[in-house]
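Single-structure report; data block below.
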Amino acid sequence: MSRRVFLIVLDSLGIGEMPDAARFGDEGSHTLRAIRNHPSFHCPNLEKLGLFHIDGVGDAPDTAPTAAHARMTEASAGKDTTIGHWEIAGVVSDTPLPTYPNGFPPEVIEAFSRLVGRGVLCNRPYSGTDVIRDFGEAHIRTGDLIVYTSADSVFQIAAHEDIVPVEELYRICEEARDLLRGGHSVGRVIARPFTGSHPFTRTTRRHDYSLAPPKPTMADRLSEAGLDVIGVGKIGDIFAGRGLTESRRTGSNAEGMKMTAEVAERNFHGLCFTNLVDFDMTYGHRNDVGGYASAMTEFDRWLGAFLPTLRNEDILLITADHGCDPSTPSTDHSREYTPLLLYCDAVNPINLGTRSTFADIAATVLDYLGVPQGDLAGESLLPLIL
């Protein structure tokens, strides 16, 4: 029988500050704690699997968990989506991707402006919703592009769909991706289209142009071995399309969950790798505690229906890539531990403690699917859980 692995990343579901959080300005961050006590939070299926039995989460229920569970430490020098996913896929990044707390230097902005034939507005760290509020009208009046960043390694370009058609915005982002090399190799160039009139609204047609991983990842190893690697959500963007045999973009958590369930109905052999981005993009970055809690409840409800569809040879892993505590003044990612829940019919539902790297996930997936790990980081958890 074909072996199938479902790896679901709850984008930004951190479970408490890492020891070096203060160095990142994230002391005290705890995304799960921030939403757990909200009245909209109701996650009995995650609780049953063992989410609250993980080290450091606190207030574990009396009932025994049904999944193996662990607290994951990020070994890479960062707290962003790109580096987090690369590490999940077995690549630890010792050098952080460049960030721009004072905006991009003049030589970058001038080169970009010449390249695309448009002026630039803003050029500093900004909230994505605030930046279109403050610069949207000037953009419509002048046609200049809104360029901004955050605490993460991103070059974001916002444009109104009536002023810059989405396909043109995508082309501009591709040109920016080619431009930003060497010392300015940001993790992602992000297209941020918006519509309407003041107040403006961001659309779901965002598109990320990621830096390619510096070495082969778990996805590369699997696809080279002839296995299926199906990316759902922004997985294709994060890995610059590399290593995937199929990529399915989504506009919301609901679409991501629906597509994952559809993939589960198929006879494939390999990995379904899903990212659910709303937790981060829609709620974490906007400091929306209630929205985040409600989104977790919606995922948990879906999970309750998904679990019975798993086959005997299937393994489900649920994790995250960083934190984004919606209860802190910051609107950026936070340097936090992440959860790992591993579930299958034959699982030994033990506490795996605190792991030293997200890359244990890649090692476990490759081990289960019978593909050599090679020089990828991480230690397989299979001997402990099966």
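Lettering and numbering for the structure tokens are positional, with chains as A, B, ... in the shown order, residues counted from 1 in each chain, and ligands counted from 1 in the shown order.
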
Output as a PyMOL selection string all residues of segment 51-265 of chain A that backbone DSSP marks as strand (DSSP E or B).
chain A and resi 68-72+120-125+145-149+154-160+188-195+201-202+207-210+228-232+246-248

Using only C-alpha atoms, tabulate the residues of segment 20-104 of chain A lying at most 7 Å from any atom of segment 140-160 of chain A, each with its closest atom pair and that distance in Å to one decimal, by chain and increasing residue number, as CSV.
residue,atom,partner,partner_atom,distance
A:Asp80,CA,A:Asp152,CA,5.9
A:Leu97,CA,A:Ser153,CA,5.9
A:Pro98,CA,A:Ser153,CA,5.6
A:Thr99,CA,A:Ser153,CA,4.7
A:Pro101,CA,A:Ala151,CA,6.6
A:Gly103,CA,A:Thr149,CA,6.9

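Shortest atom-to-atom contact with Ser127 of chain A among A:Asn253, A:Thr245, A:Asn287, A:Thr331: A:Thr331, counting only C-alpha atoms.
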
12 Å contact set for Glu255 of chain A, only C-alpha atoms, chain neighbours under 5 positions out, as JSON, numbers by chain:
{"A": [204, 232, 233, 234, 248, 249, 250, 260, 261, 262, 274, 275, 276, 277, 278, 299, 302]}

Counting only C-alpha atoms, figure out which residue out of A:Arg181, A:Arg36, A:Arg133, A:His139 gets nearest to Thr297 of chain A.
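The shortest atom-to-atom distance to Thr297 of chain A comes from A:Arg36.
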
Looking at A:Gly270, A:Pro372, A:Gly58, A:Gly84, which one is nearest to His333 of chain A, with distances taken over only C-alpha atoms?
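Among A:Gly270, A:Pro372, A:Gly58, A:Gly84, it is A:Gly84 that comes nearest to His333 of chain A.
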
Would you give me, as a Markdown table, each residue of segment 255-312 of chain A having an atom within 12 Å of an atom of segment 354-369 of chain A, along with its shortest atom pair and that distance in Å to one decimal, using only C-alpha atoms and sorting by chain and residue number?
| residue | atom | partner | partner_atom | distance |
| --- | --- | --- | --- | --- |
| A:His269 | CA | A:Leu369 | CA | 8.5 |
| A:Gly270 | CA | A:Leu369 | CA | 6.8 |
| A:Leu271 | CA | A:Val365 | CA | 8.1 |
| A:Cys272 | CA | A:Val365 | CA | 10.8 |
| A:Phe273 | CA | A:Val365 | CA | 10.8 |

Neighbour list for Leu341 of chain A as a short mmCIF file (atom, residue, chain, number, x, y, z; two decimals) with N, CA and C atoms, in the first residue's frame, cut-off 9 Å, only C-alpha atoms, skip fewer than 2 positions in-chain:
data_model
loop_
_atom_site.label_atom_id
_atom_site.label_comp_id
_atom_site.auth_asym_id
_atom_site.auth_seq_id
_atom_site.Cartn_x
_atom_site.Cartn_y
_atom_site.Cartn_z
N LEU A 46 -7.56 19.11 18.76
CA LEU A 46 -6.15 19.38 19.03
C LEU A 46 -5.80 19.04 20.48
N LEU A 49 -5.41 15.29 20.68
CA LEU A 49 -4.15 14.83 20.10
C LEU A 49 -2.98 15.07 21.05
N GLY A 50 -3.03 16.16 21.82
CA GLY A 50 -1.98 16.40 22.80
C GLY A 50 -1.35 17.77 22.75
N LEU A 51 -2.00 18.74 22.11
CA LEU A 51 -1.43 20.08 22.00
C LEU A 51 -1.05 20.66 23.36
N ILE A 54 2.25 19.39 25.40
CA ILE A 54 3.60 19.76 24.95
C ILE A 54 4.32 20.57 26.02
N ALA A 67 -1.71 11.43 20.22
CA ALA A 67 -0.62 11.64 19.26
C ALA A 67 0.69 11.85 20.00
N ALA A 68 1.80 11.49 19.34
CA ALA A 68 3.10 11.89 19.85
C ALA A 68 3.20 13.41 19.72
N HIS A 69 3.91 14.04 20.64
CA HIS A 69 3.92 15.50 20.67
C HIS A 69 5.27 16.02 21.13
N ALA A 70 5.65 17.19 20.60
CA ALA A 70 6.97 17.75 20.90
C ALA A 70 6.94 19.26 20.80
N LEU A 316 -0.03 11.89 9.91
CA LEU A 316 -0.36 13.31 9.94
C LEU A 316 0.59 14.01 10.89
N LEU A 317 1.21 15.10 10.42
CA LEU A 317 2.05 15.94 11.26
C LEU A 317 1.48 17.36 11.22
N ILE A 318 1.29 17.97 12.38
CA ILE A 318 0.81 19.34 12.49
C ILE A 318 1.87 20.15 13.23
N THR A 319 2.27 21.28 12.63
CA THR A 319 3.33 22.08 13.22
C THR A 319 3.12 23.55 12.87
N PRO A 339 4.75 23.91 17.93
CA PRO A 339 4.27 22.58 18.31
C PRO A 339 4.53 21.55 17.23
N TYR A 343 0.49 11.90 14.32
CA TYR A 343 -0.61 10.97 14.53
C TYR A 343 -0.67 9.94 13.41
#

Kindly indicate which residue among A:Gly25, A:Gly117, A:Gly196, A:Pro39 lies nearest to Ser294 of chain A, using only C-alpha atoms for the distances.
A:Pro39

Restricting the calculation to only C-alpha atoms, which member of A:Leu307, A:Met281, A:Ala60, A:Leu384 is positioned closest to Ser12 of chain A?
A:Met281

Pick the closest to Phe41 of chain A from A:Pro349, A:Gly290, A:Gly128, A:Gly236: which is it, counting only C-alpha atoms?
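Nearest to Phe41 of chain A: A:Gly290.
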
Can you pull out every residue within 8 Å of His207 of chain A, counting only C-alpha atoms, but drop anything in the same chain fewer than 4 positions away, and send it as a count of residues only?
5

What does the structure give for the distance between atom CA of Ile315 of chain A and atom CA of Leu222 of chain A, in Å to one decimal?
15.8 Å

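Note that the spacing between atom CA of Tyr292 of chain A and atom CA of Ile35 of chain A amounts to 6.8 Å.
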
Quick one: everything within 7 Å of Ala219 of chain A, counting only C-alpha atoms, minus sequence neighbours fewer than 6 positions away in the same chain. Send it as a list in words.
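Residues meeting the cut-off are Val229, Gly243 and Leu244 of chain A.
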
In Å and to one decimal, atom CA of Asp162 of chain A is distant from atom CA of Pro193 of chain A by 9.7 Å

Mind dumping a table of every segment 207-259 of chain A residue within 10 Å of segment 376-379 of chain A, with the nearest atom pair and its distance in Å to one decimal, using only C-alpha atoms, sorted by chain and rising number, as a tab-separated table?
residue	atom	partner	partner_atom	distance
A:Lys215	CA	A:Leu376	CA	9.0
A:Pro216	CA	A:Leu376	CA	8.1
A:Thr217	CA	A:Leu376	CA	7.2
A:Met218	CA	A:Leu376	CA	7.7
A:Arg221	CA	A:Leu376	CA	9.6

So which residues touch Asn102 of chain A within 9 Å, counting only C-alpha atoms, skipping near sequence neighbours fewer than 5 positions away, as a PyMOL selection string?
chain A and resi 123-125

Next, the residues of the selection above should be written as a compact mmCIF listing (two decimals), in the first residue's frame with N, CA, C and O atoms.
# COMPACT_ATOMS: atom_id res chain seq x y z
N ASN A 123 8.60 53.14 1.41
CA ASN A 123 9.93 52.58 1.65
C ASN A 123 10.33 52.61 3.12
O ASN A 123 11.35 53.18 3.50
N ARG A 124 9.52 51.97 3.94
CA ARG A 124 9.90 51.76 5.33
C ARG A 124 9.04 50.63 5.90
O ARG A 124 8.06 50.22 5.28
N PRO A 125 9.38 50.13 7.07
CA PRO A 125 8.54 49.09 7.68
C PRO A 125 7.14 49.62 7.94
O PRO A 125 6.98 50.75 8.42
